[in-house]
Amino acid sequence: MAALTWRTGTCAEAALCDQTGAITVANPDEDDEAAAYRLARAIEQAECLDHGQVQEIGLRRFDPARHFSALAARSC
């Protein structure tokens with residue numbers, strides 16, 4: 001997974017780590033070409049990851065049944 005954000009502290013940082021993706025932060029004042037270059041670099045970094053490991057980590061972190069159970073157990 002590769003992510004381009006315009007600031008730090010986004011959902012991308014919560015979802016990804018060095019083993020599951022690459023995140024780049026673009027300055028909103030930069031032009032589109034600079035942002036595209038940053039994203040291309042993040043994609044290149046993500047291509048080097050072990051895709052099986054990325055999937056395994058993702059399924060472990062974001063298991064839908066576990067999340068549903070946790071939400072259903074909470075009171076309003």
# chains A, B, ... in the order shown; residues from 1 in each chain; ligands from 1
$ select_by_dssp --residues "chain A" --states "strand (DSSP E)" --output "JSON, numbers by chain"
{"A": [2, 3, 4, 5, 22, 23, 24, 25]}
$ closest_residue --among "A:Thr24, A:Thr10, A:Ser75, A:Gln53" --to "Arg38 (chain A)" --atoms "only C-alpha atoms"
A:Thr24
$ closest_residue --among "A:Leu4, A:Ala22, A:Ala12, A:Ala35" --to "Glu47 (chain A)" --atoms "only C-alpha atoms"
A:Ala22
$ residues_around --residues "region 61-66 of chain A" --least-positions-apart "6" --cutoff "12 Å" --atoms "only C-alpha atoms" --output "mmCIF file with N, CA and C atoms, in the first residue's frame"
data_model
loop_
_atom_site.group_PDB
_atom_site.id
_atom_site.type_symbol
_atom_site.label_atom_id
_atom_site.label_comp_id
_atom_site.auth_asym_id
_atom_site.auth_seq_id
_atom_site.Cartn_x
_atom_site.Cartn_y
_atom_site.Cartn_z
ATOM 1 N N ALA A 14 -2.233 5.534 10.815
ATOM 2 C CA ALA A 14 -2.821 4.575 11.750
ATOM 3 C C ALA A 14 -2.894 3.188 11.125
ATOM 4 N N ALA A 15 -3.077 3.115 9.819
ATOM 5 C CA ALA A 15 -3.272 1.836 9.150
ATOM 6 C C ALA A 15 -1.976 1.190 8.676
ATOM 7 N N LEU A 16 -0.975 1.988 8.360
ATOM 8 C CA LEU A 16 0.243 1.447 7.756
ATOM 9 C C LEU A 16 1.430 1.528 8.691
ATOM 10 N N CYS A 17 2.362 0.613 8.480
ATOM 11 C CA CYS A 17 3.644 0.640 9.180
ATOM 12 C C CYS A 17 4.713 0.292 8.145
ATOM 13 N N THR A 20 3.903 -2.746 6.073
ATOM 14 C CA THR A 20 2.674 -2.831 5.279
ATOM 15 C C THR A 20 2.520 -1.725 4.242
ATOM 16 N N VAL A 54 2.134 -8.476 4.062
ATOM 17 C CA VAL A 54 1.235 -7.314 4.109
ATOM 18 C C VAL A 54 -0.200 -7.778 4.309
ATOM 19 N N GLN A 55 -0.611 -8.784 3.551
ATOM 20 C CA GLN A 55 -1.974 -9.292 3.666
ATOM 21 C C GLN A 55 -2.208 -9.905 5.043
ATOM 22 N N ALA A 72 -20.074 -4.362 18.929
ATOM 23 C CA ALA A 72 -21.360 -4.846 19.446
ATOM 24 C C ALA A 72 -21.340 -4.978 20.975
ATOM 25 N N ALA A 73 -20.183 -5.190 21.538
ATOM 26 C CA ALA A 73 -20.077 -5.366 22.988
ATOM 27 C C ALA A 73 -20.112 -4.029 23.745
#
$ closest_residue --among "A:His67, A:Ala36, A:Gln19, A:Arg74" --to "Gly52 (chain A)" --atoms "only C-alpha atoms"
A:Gln19
$ residues_around --residues "Pro28 (chain A)" --least-positions-apart "6" --cutoff "12 Å" --atoms "only C-alpha atoms" --output "number ranges by chain"
A: 4-8, 34-35
$ atom_distance --atom1 "CA of His51 (chain A)" --atom2 "CA of Ile23 (chain A)"
16.4 Å
$ select_by_dssp --residues "chain A" --states "alpha helix (DSSP H)" --output "compact mmCIF listing (two decimals) with all heavy atoms, in the first residue's frame"
# COMPACT_ATOMS: atom_id res chain seq x y z
N CYS A 11 -5.29 8.90 8.84
CA CYS A 11 -5.66 7.49 8.93
C CYS A 11 -4.60 6.59 8.29
O CYS A 11 -4.40 5.46 8.72
CB CYS A 11 -7.00 7.23 8.25
SG CYS A 11 -8.39 7.97 9.11
N ALA A 12 -3.92 7.10 7.28
CA ALA A 12 -2.87 6.30 6.63
C ALA A 12 -1.81 5.91 7.64
O ALA A 12 -1.32 4.77 7.65
CB ALA A 12 -2.25 7.09 5.48
N GLU A 13 -1.44 6.81 8.52
CA GLU A 13 -0.43 6.51 9.53
C GLU A 13 -0.96 5.51 10.56
O GLU A 13 -0.19 4.72 11.10
CB GLU A 13 0.05 7.78 10.21
CG GLU A 13 0.88 8.64 9.28
CD GLU A 13 1.26 9.97 9.89
OE1 GLU A 13 0.54 10.48 10.77
OE2 GLU A 13 2.30 10.50 9.48
N ALA A 14 -2.23 5.53 10.82
CA ALA A 14 -2.82 4.58 11.75
C ALA A 14 -2.89 3.19 11.12
O ALA A 14 -2.76 2.18 11.82
CB ALA A 14 -4.21 5.04 12.17
N ALA A 15 -3.08 3.12 9.82
CA ALA A 15 -3.27 1.84 9.15
C ALA A 15 -1.98 1.19 8.68
O ALA A 15 -1.90 -0.02 8.58
CB ALA A 15 -4.21 2.02 7.96
N ASP A 32 1.33 19.85 -8.38
CA ASP A 32 0.88 18.48 -8.58
C ASP A 32 2.02 17.55 -8.98
O ASP A 32 2.04 16.39 -8.59
CB ASP A 32 -0.22 18.44 -9.64
CG ASP A 32 -1.51 19.06 -9.17
OD1 ASP A 32 -1.67 19.28 -7.95
OD2 ASP A 32 -2.38 19.33 -10.03
N GLU A 33 2.94 18.05 -9.75
CA GLU A 33 4.07 17.22 -10.20
C GLU A 33 4.92 16.77 -9.01
O GLU A 33 5.35 15.61 -8.95
CB GLU A 33 4.92 17.98 -11.21
CG GLU A 33 5.98 17.12 -11.84
CD GLU A 33 6.72 17.82 -12.97
OE1 GLU A 33 6.14 18.69 -13.63
OE2 GLU A 33 7.90 17.46 -13.17
N ALA A 34 5.16 17.65 -8.07
CA ALA A 34 5.95 17.30 -6.89
C ALA A 34 5.21 16.25 -6.05
O ALA A 34 5.82 15.30 -5.56
CB ALA A 34 6.25 18.54 -6.06
N ALA A 35 3.90 16.41 -5.91
CA ALA A 35 3.11 15.44 -5.15
C ALA A 35 3.11 14.09 -5.87
O ALA A 35 3.24 13.03 -5.22
CB ALA A 35 1.68 15.94 -4.96
N ALA A 36 2.99 14.10 -7.18
CA ALA A 36 3.02 12.86 -7.96
C ALA A 36 4.37 12.17 -7.83
O ALA A 36 4.43 10.93 -7.71
CB ALA A 36 2.71 13.15 -9.42
N TYR A 37 5.45 12.92 -7.81
CA TYR A 37 6.78 12.36 -7.63
C TYR A 37 6.88 11.69 -6.26
O TYR A 37 7.38 10.57 -6.13
CB TYR A 37 7.84 13.44 -7.78
CG TYR A 37 9.23 12.94 -7.48
CD1 TYR A 37 9.94 12.19 -8.42
CD2 TYR A 37 9.83 13.18 -6.25
CE1 TYR A 37 11.20 11.71 -8.15
CE2 TYR A 37 11.10 12.71 -5.96
CZ TYR A 37 11.78 11.97 -6.91
OH TYR A 37 13.03 11.49 -6.63
N ARG A 38 6.38 12.34 -5.23
CA ARG A 38 6.40 11.78 -3.88
C ARG A 38 5.60 10.47 -3.82
O ARG A 38 6.04 9.49 -3.23
CB ARG A 38 5.83 12.77 -2.87
CG ARG A 38 6.73 13.94 -2.58
CD ARG A 38 6.05 14.86 -1.56
NE ARG A 38 6.83 16.02 -1.29
CZ ARG A 38 7.84 16.06 -0.41
NH1 ARG A 38 8.17 14.98 0.25
NH2 ARG A 38 8.51 17.18 -0.22
N LEU A 39 4.43 10.46 -4.45
CA LEU A 39 3.61 9.26 -4.45
C LEU A 39 4.30 8.14 -5.23
O LEU A 39 4.29 6.98 -4.81
CB LEU A 39 2.23 9.54 -5.04
CG LEU A 39 1.28 8.35 -5.10
CD1 LEU A 39 1.06 7.72 -3.73
CD2 LEU A 39 -0.05 8.77 -5.71
N ALA A 40 4.92 8.47 -6.34
CA ALA A 40 5.65 7.46 -7.12
C ALA A 40 6.76 6.82 -6.29
O ALA A 40 6.96 5.60 -6.35
CB ALA A 40 6.22 8.08 -8.39
N ARG A 41 7.46 7.61 -5.51
CA ARG A 41 8.51 7.07 -4.63
C ARG A 41 7.91 6.14 -3.58
O ARG A 41 8.48 5.09 -3.27
CB ARG A 41 9.28 8.20 -3.95
CG ARG A 41 10.05 9.13 -4.87
CD ARG A 41 11.32 8.53 -5.29
NE ARG A 41 12.00 8.09 -4.06
CZ ARG A 41 13.25 7.77 -3.98
NH1 ARG A 41 13.99 7.84 -5.04
NH2 ARG A 41 13.79 7.37 -2.85
N ALA A 42 6.78 6.52 -3.02
CA ALA A 42 6.11 5.66 -2.03
C ALA A 42 5.68 4.34 -2.67
O ALA A 42 5.80 3.28 -2.05
CB ALA A 42 4.92 6.38 -1.40
N ILE A 43 5.19 4.40 -3.89
CA ILE A 43 4.79 3.18 -4.60
C ILE A 43 6.00 2.29 -4.82
O ILE A 43 5.93 1.07 -4.62
CB ILE A 43 4.10 3.53 -5.93
CG1 ILE A 43 2.74 4.18 -5.67
CG2 ILE A 43 3.95 2.29 -6.81
CD1 ILE A 43 2.09 4.79 -6.89
N GLU A 44 7.13 2.87 -5.22
CA GLU A 44 8.35 2.09 -5.40
C GLU A 44 8.77 1.40 -4.10
O GLU A 44 9.18 0.24 -4.11
CB GLU A 44 9.48 2.97 -5.92
CG GLU A 44 9.29 3.41 -7.34
CD GLU A 44 10.32 4.45 -7.78
OE1 GLU A 44 11.11 4.92 -6.94
OE2 GLU A 44 10.33 4.78 -8.99
N GLN A 45 8.65 2.11 -2.99
CA GLN A 45 8.99 1.52 -1.69
C GLN A 45 8.04 0.37 -1.36
O GLN A 45 8.46 -0.68 -0.87
CB GLN A 45 8.93 2.56 -0.59
CG GLN A 45 10.04 3.59 -0.66
CD GLN A 45 9.84 4.68 0.38
OE1 GLN A 45 8.72 5.14 0.62
NE2 GLN A 45 10.94 5.08 1.01
N ALA A 46 6.76 0.57 -1.61
CA ALA A 46 5.76 -0.44 -1.30
C ALA A 46 5.92 -1.69 -2.16
O ALA A 46 5.61 -2.80 -1.71
CB ALA A 46 4.35 0.14 -1.45
N GLU A 47 6.41 -1.53 -3.37
CA GLU A 47 6.61 -2.67 -4.26
C GLU A 47 7.62 -3.66 -3.69
O GLU A 47 7.58 -4.85 -4.02
CB GLU A 47 7.08 -2.21 -5.64
CG GLU A 47 5.99 -1.59 -6.47
CD GLU A 47 6.49 -1.13 -7.82
OE1 GLU A 47 7.67 -0.74 -7.94
OE2 GLU A 47 5.69 -1.17 -8.76
N HIS A 51 4.34 -9.17 -0.09
CA HIS A 51 2.90 -9.01 -0.26
C HIS A 51 2.10 -9.97 0.62
O HIS A 51 1.04 -9.61 1.14
CB HIS A 51 2.51 -9.18 -1.73
CG HIS A 51 3.11 -8.12 -2.59
ND1 HIS A 51 2.37 -7.21 -3.28
CD2 HIS A 51 4.41 -7.82 -2.85
CE1 HIS A 51 3.18 -6.38 -3.95
NE2 HIS A 51 4.42 -6.74 -3.69
N GLY A 52 2.60 -11.17 0.82
CA GLY A 52 1.93 -12.11 1.71
C GLY A 52 1.91 -11.62 3.14
O GLY A 52 0.91 -11.73 3.84
N GLN A 53 3.04 -11.06 3.57
CA GLN A 53 3.12 -10.53 4.92
C GLN A 53 2.20 -9.32 5.08
O GLN A 53 1.55 -9.16 6.11
CB GLN A 53 4.56 -10.15 5.24
CG GLN A 53 4.74 -9.66 6.66
CD GLN A 53 6.18 -9.29 6.96
OE1 GLN A 53 6.96 -8.97 6.07
NE2 GLN A 53 6.54 -9.32 8.23
N VAL A 54 2.13 -8.48 4.06
CA VAL A 54 1.23 -7.31 4.11
C VAL A 54 -0.20 -7.78 4.31
O VAL A 54 -0.92 -7.26 5.16
CB VAL A 54 1.36 -6.46 2.83
CG1 VAL A 54 0.28 -5.40 2.77
CG2 VAL A 54 2.74 -5.83 2.73
N GLN A 55 -0.61 -8.78 3.55
CA GLN A 55 -1.97 -9.29 3.67
C GLN A 55 -2.21 -9.91 5.04
O GLN A 55 -3.25 -9.67 5.67
CB GLN A 55 -2.26 -10.32 2.59
CG GLN A 55 -3.69 -10.82 2.63
CD GLN A 55 -4.01 -11.75 1.48
OE1 GLN A 55 -3.12 -12.25 0.81
NE2 GLN A 55 -5.28 -11.98 1.26
N GLU A 56 -1.26 -10.69 5.52
CA GLU A 56 -1.40 -11.33 6.84
C GLU A 56 -1.55 -10.28 7.95
O GLU A 56 -2.43 -10.38 8.79
CB GLU A 56 -0.19 -12.20 7.12
CG GLU A 56 -0.23 -12.88 8.46
CD GLU A 56 1.06 -13.62 8.76
OE1 GLU A 56 1.69 -14.13 7.82
OE2 GLU A 56 1.45 -13.67 9.94
N ILE A 57 -0.71 -9.27 7.92
CA ILE A 57 -0.78 -8.21 8.93
C ILE A 57 -2.11 -7.47 8.84
O ILE A 57 -2.75 -7.18 9.84
CB ILE A 57 0.41 -7.25 8.80
CG1 ILE A 57 1.71 -7.97 9.18
CG2 ILE A 57 0.22 -6.00 9.66
CD1 ILE A 57 2.98 -7.20 8.84
N GLY A 58 -2.51 -7.15 7.62
CA GLY A 58 -3.78 -6.44 7.42
C GLY A 58 -4.97 -7.22 7.94
O GLY A 58 -5.85 -6.66 8.61
N LEU A 59 -5.00 -8.51 7.65
CA LEU A 59 -6.11 -9.33 8.13
C LEU A 59 -6.10 -9.46 9.64
O LEU A 59 -7.15 -9.48 10.28
CB LEU A 59 -6.06 -10.71 7.48
CG LEU A 59 -6.40 -10.75 5.99
CD1 LEU A 59 -6.12 -12.13 5.41
CD2 LEU A 59 -7.84 -10.34 5.76
N ARG A 60 -4.92 -9.52 10.22
CA ARG A 60 -4.82 -9.63 11.67
C ARG A 60 -5.25 -8.31 12.34
O ARG A 60 -5.98 -8.31 13.32
CB ARG A 60 -3.38 -9.98 12.06
CG ARG A 60 -3.21 -10.36 13.50
CD ARG A 60 -1.83 -10.91 13.81
NE ARG A 60 -0.75 -10.01 13.43
CZ ARG A 60 0.24 -10.31 12.59
NH1 ARG A 60 0.29 -11.51 12.03
NH2 ARG A 60 1.18 -9.44 12.31
N ARG A 61 -4.84 -7.20 11.78
CA ARG A 61 -5.17 -5.89 12.37
C ARG A 61 -6.62 -5.51 12.18
O ARG A 61 -7.23 -4.87 13.03
CB ARG A 61 -4.32 -4.80 11.73
CG ARG A 61 -2.93 -4.74 12.22
CD ARG A 61 -2.28 -3.51 11.64
NE ARG A 61 -0.86 -3.52 11.87
CZ ARG A 61 -0.01 -2.79 11.19
NH1 ARG A 61 -0.44 -1.99 10.24
NH2 ARG A 61 1.27 -2.86 11.45
N PRO A 64 -12.66 -8.18 10.26
CA PRO A 64 -14.01 -7.64 10.37
C PRO A 64 -14.83 -8.26 11.50
O PRO A 64 -15.56 -7.55 12.20
CB PRO A 64 -14.66 -7.94 9.01
CG PRO A 64 -13.54 -8.25 8.09
CD PRO A 64 -12.40 -8.73 8.93
N ALA A 65 -14.73 -9.56 11.71
CA ALA A 65 -15.51 -10.22 12.76
C ALA A 65 -15.08 -9.71 14.14
O ALA A 65 -15.92 -9.45 15.00
CB ALA A 65 -15.35 -11.73 12.67
N ARG A 66 -13.79 -9.55 14.35
CA ARG A 66 -13.30 -9.06 15.63
C ARG A 66 -13.77 -7.63 15.87
O ARG A 66 -14.21 -7.27 16.96
CB ARG A 66 -11.78 -9.14 15.70
CG ARG A 66 -11.25 -8.84 17.10
CD ARG A 66 -9.74 -8.94 17.20
NE ARG A 66 -9.14 -7.78 16.57
CZ ARG A 66 -8.29 -7.80 15.55
NH1 ARG A 66 -7.92 -8.94 15.02
NH2 ARG A 66 -7.79 -6.69 15.06
N HIS A 67 -13.71 -6.80 14.85
CA HIS A 67 -14.17 -5.42 15.00
C HIS A 67 -15.66 -5.34 15.28
O HIS A 67 -16.11 -4.55 16.10
CB HIS A 67 -13.79 -4.58 13.77
CG HIS A 67 -12.35 -4.22 13.72
ND1 HIS A 67 -11.80 -3.24 14.50
CD2 HIS A 67 -11.34 -4.72 13.00
CE1 HIS A 67 -10.52 -3.14 14.26
NE2 HIS A 67 -10.20 -4.04 13.35
N PHE A 68 -16.44 -6.16 14.58
CA PHE A 68 -17.88 -6.17 14.82
C PHE A 68 -18.17 -6.59 16.26
O PHE A 68 -18.99 -5.97 16.94
CB PHE A 68 -18.60 -7.11 13.85
CG PHE A 68 -20.05 -7.24 14.15
CD1 PHE A 68 -20.95 -6.27 13.75
CD2 PHE A 68 -20.54 -8.34 14.86
CE1 PHE A 68 -22.29 -6.37 14.05
CE2 PHE A 68 -21.87 -8.46 15.16
CZ PHE A 68 -22.76 -7.48 14.75
N SER A 69 -17.51 -7.65 16.71
CA SER A 69 -17.72 -8.12 18.08
C SER A 69 -17.37 -7.05 19.10
O SER A 69 -18.09 -6.85 20.08
CB SER A 69 -16.90 -9.37 18.34
OG SER A 69 -17.34 -10.43 17.52
N ALA A 70 -16.27 -6.35 18.87
CA ALA A 70 -15.86 -5.29 19.80
C ALA A 70 -16.87 -4.15 19.81
O ALA A 70 -17.23 -3.65 20.88
CB ALA A 70 -14.48 -4.78 19.42
N LEU A 71 -17.36 -3.77 18.65
CA LEU A 71 -18.35 -2.70 18.60
C LEU A 71 -19.68 -3.13 19.19
O LEU A 71 -20.34 -2.36 19.90
CB LEU A 71 -18.54 -2.24 17.15
CG LEU A 71 -17.39 -1.47 16.52
CD1 LEU A 71 -17.64 -1.23 15.04
CD2 LEU A 71 -17.17 -0.15 17.24
N ALA A 72 -20.07 -4.36 18.93
CA ALA A 72 -21.36 -4.85 19.45
C ALA A 72 -21.34 -4.98 20.97
O ALA A 72 -22.39 -4.86 21.61
CB ALA A 72 -21.70 -6.20 18.80
N ALA A 73 -20.18 -5.19 21.54
CA ALA A 73 -20.08 -5.37 22.99
C ALA A 73 -20.11 -4.03 23.74
O ALA A 73 -20.34 -4.01 24.95
CB ALA A 73 -18.79 -6.11 23.34
$ decode --residues "region 45-68 of chain A" --atoms "N, CA, C and O atoms" --output "compact mmCIF listing (two decimals), in the first residue's frame"
# COMPACT_ATOMS: atom_id res chain seq x y z
N GLN A 45 8.65 2.11 -2.99
CA GLN A 45 8.99 1.52 -1.69
C GLN A 45 8.04 0.37 -1.36
O GLN A 45 8.46 -0.68 -0.87
N ALA A 46 6.76 0.57 -1.61
CA ALA A 46 5.76 -0.44 -1.30
C ALA A 46 5.92 -1.69 -2.16
O ALA A 46 5.61 -2.80 -1.71
N GLU A 47 6.41 -1.53 -3.37
CA GLU A 47 6.61 -2.67 -4.26
C GLU A 47 7.62 -3.66 -3.69
O GLU A 47 7.58 -4.85 -4.02
N CYS A 48 8.51 -3.21 -2.84
CA CYS A 48 9.55 -4.07 -2.27
C CYS A 48 9.06 -4.88 -1.07
O CYS A 48 9.80 -5.74 -0.57
N LEU A 49 7.86 -4.63 -0.61
CA LEU A 49 7.34 -5.32 0.56
C LEU A 49 6.94 -6.75 0.22
O LEU A 49 6.61 -7.06 -0.92
N ASP A 50 6.92 -7.60 1.23
CA ASP A 50 6.46 -8.97 1.09
C ASP A 50 4.93 -8.93 1.08
O ASP A 50 4.29 -8.69 2.11
N HIS A 51 4.34 -9.17 -0.09
CA HIS A 51 2.90 -9.01 -0.26
C HIS A 51 2.10 -9.97 0.62
O HIS A 51 1.04 -9.61 1.14
N GLY A 52 2.60 -11.17 0.82
CA GLY A 52 1.93 -12.11 1.71
C GLY A 52 1.91 -11.62 3.14
O GLY A 52 0.91 -11.73 3.84
N GLN A 53 3.04 -11.06 3.57
CA GLN A 53 3.12 -10.53 4.92
C GLN A 53 2.20 -9.32 5.08
O GLN A 53 1.55 -9.16 6.11
N VAL A 54 2.13 -8.48 4.06
CA VAL A 54 1.23 -7.31 4.11
C VAL A 54 -0.20 -7.78 4.31
O VAL A 54 -0.92 -7.26 5.16
N GLN A 55 -0.61 -8.78 3.55
CA GLN A 55 -1.97 -9.29 3.67
C GLN A 55 -2.21 -9.91 5.04
O GLN A 55 -3.25 -9.67 5.67
N GLU A 56 -1.26 -10.69 5.52
CA GLU A 56 -1.40 -11.33 6.84
C GLU A 56 -1.55 -10.28 7.95
O GLU A 56 -2.43 -10.38 8.79
N ILE A 57 -0.71 -9.27 7.92
CA ILE A 57 -0.78 -8.21 8.93
C ILE A 57 -2.11 -7.47 8.84
O ILE A 57 -2.75 -7.18 9.84
N GLY A 58 -2.51 -7.15 7.62
CA GLY A 58 -3.78 -6.44 7.42
C GLY A 58 -4.97 -7.22 7.94
O GLY A 58 -5.85 -6.66 8.61
N LEU A 59 -5.00 -8.51 7.65
CA LEU A 59 -6.11 -9.33 8.13
C LEU A 59 -6.10 -9.46 9.64
O LEU A 59 -7.15 -9.48 10.28
N ARG A 60 -4.92 -9.52 10.22
CA ARG A 60 -4.82 -9.63 11.67
C ARG A 60 -5.25 -8.31 12.34
O ARG A 60 -5.98 -8.31 13.32
N ARG A 61 -4.84 -7.20 11.78
CA ARG A 61 -5.17 -5.89 12.37
C ARG A 61 -6.62 -5.51 12.18
O ARG A 61 -7.23 -4.87 13.03
N PHE A 62 -7.16 -5.83 11.03
CA PHE A 62 -8.48 -5.31 10.66
C PHE A 62 -9.49 -6.42 10.38
O PHE A 62 -10.29 -6.33 9.47
N ASP A 63 -9.45 -7.46 11.20
CA ASP A 63 -10.37 -8.58 11.06
C ASP A 63 -11.80 -8.08 11.27
O ASP A 63 -12.14 -7.58 12.35
N PRO A 64 -12.66 -8.18 10.26
CA PRO A 64 -14.01 -7.64 10.37
C PRO A 64 -14.83 -8.26 11.50
O PRO A 64 -15.56 -7.55 12.20
N ALA A 65 -14.73 -9.56 11.71
CA ALA A 65 -15.51 -10.22 12.76
C ALA A 65 -15.08 -9.71 14.14
O ALA A 65 -15.92 -9.45 15.00
N ARG A 66 -13.79 -9.55 14.35
CA ARG A 66 -13.30 -9.06 15.63
C ARG A 66 -13.77 -7.63 15.87
O ARG A 66 -14.21 -7.27 16.96
N HIS A 67 -13.71 -6.80 14.85
CA HIS A 67 -14.17 -5.42 15.00
C HIS A 67 -15.66 -5.34 15.28
O HIS A 67 -16.11 -4.55 16.10
N PHE A 68 -16.44 -6.16 14.58
CA PHE A 68 -17.88 -6.17 14.82
C PHE A 68 -18.17 -6.59 16.26
O PHE A 68 -18.99 -5.97 16.94
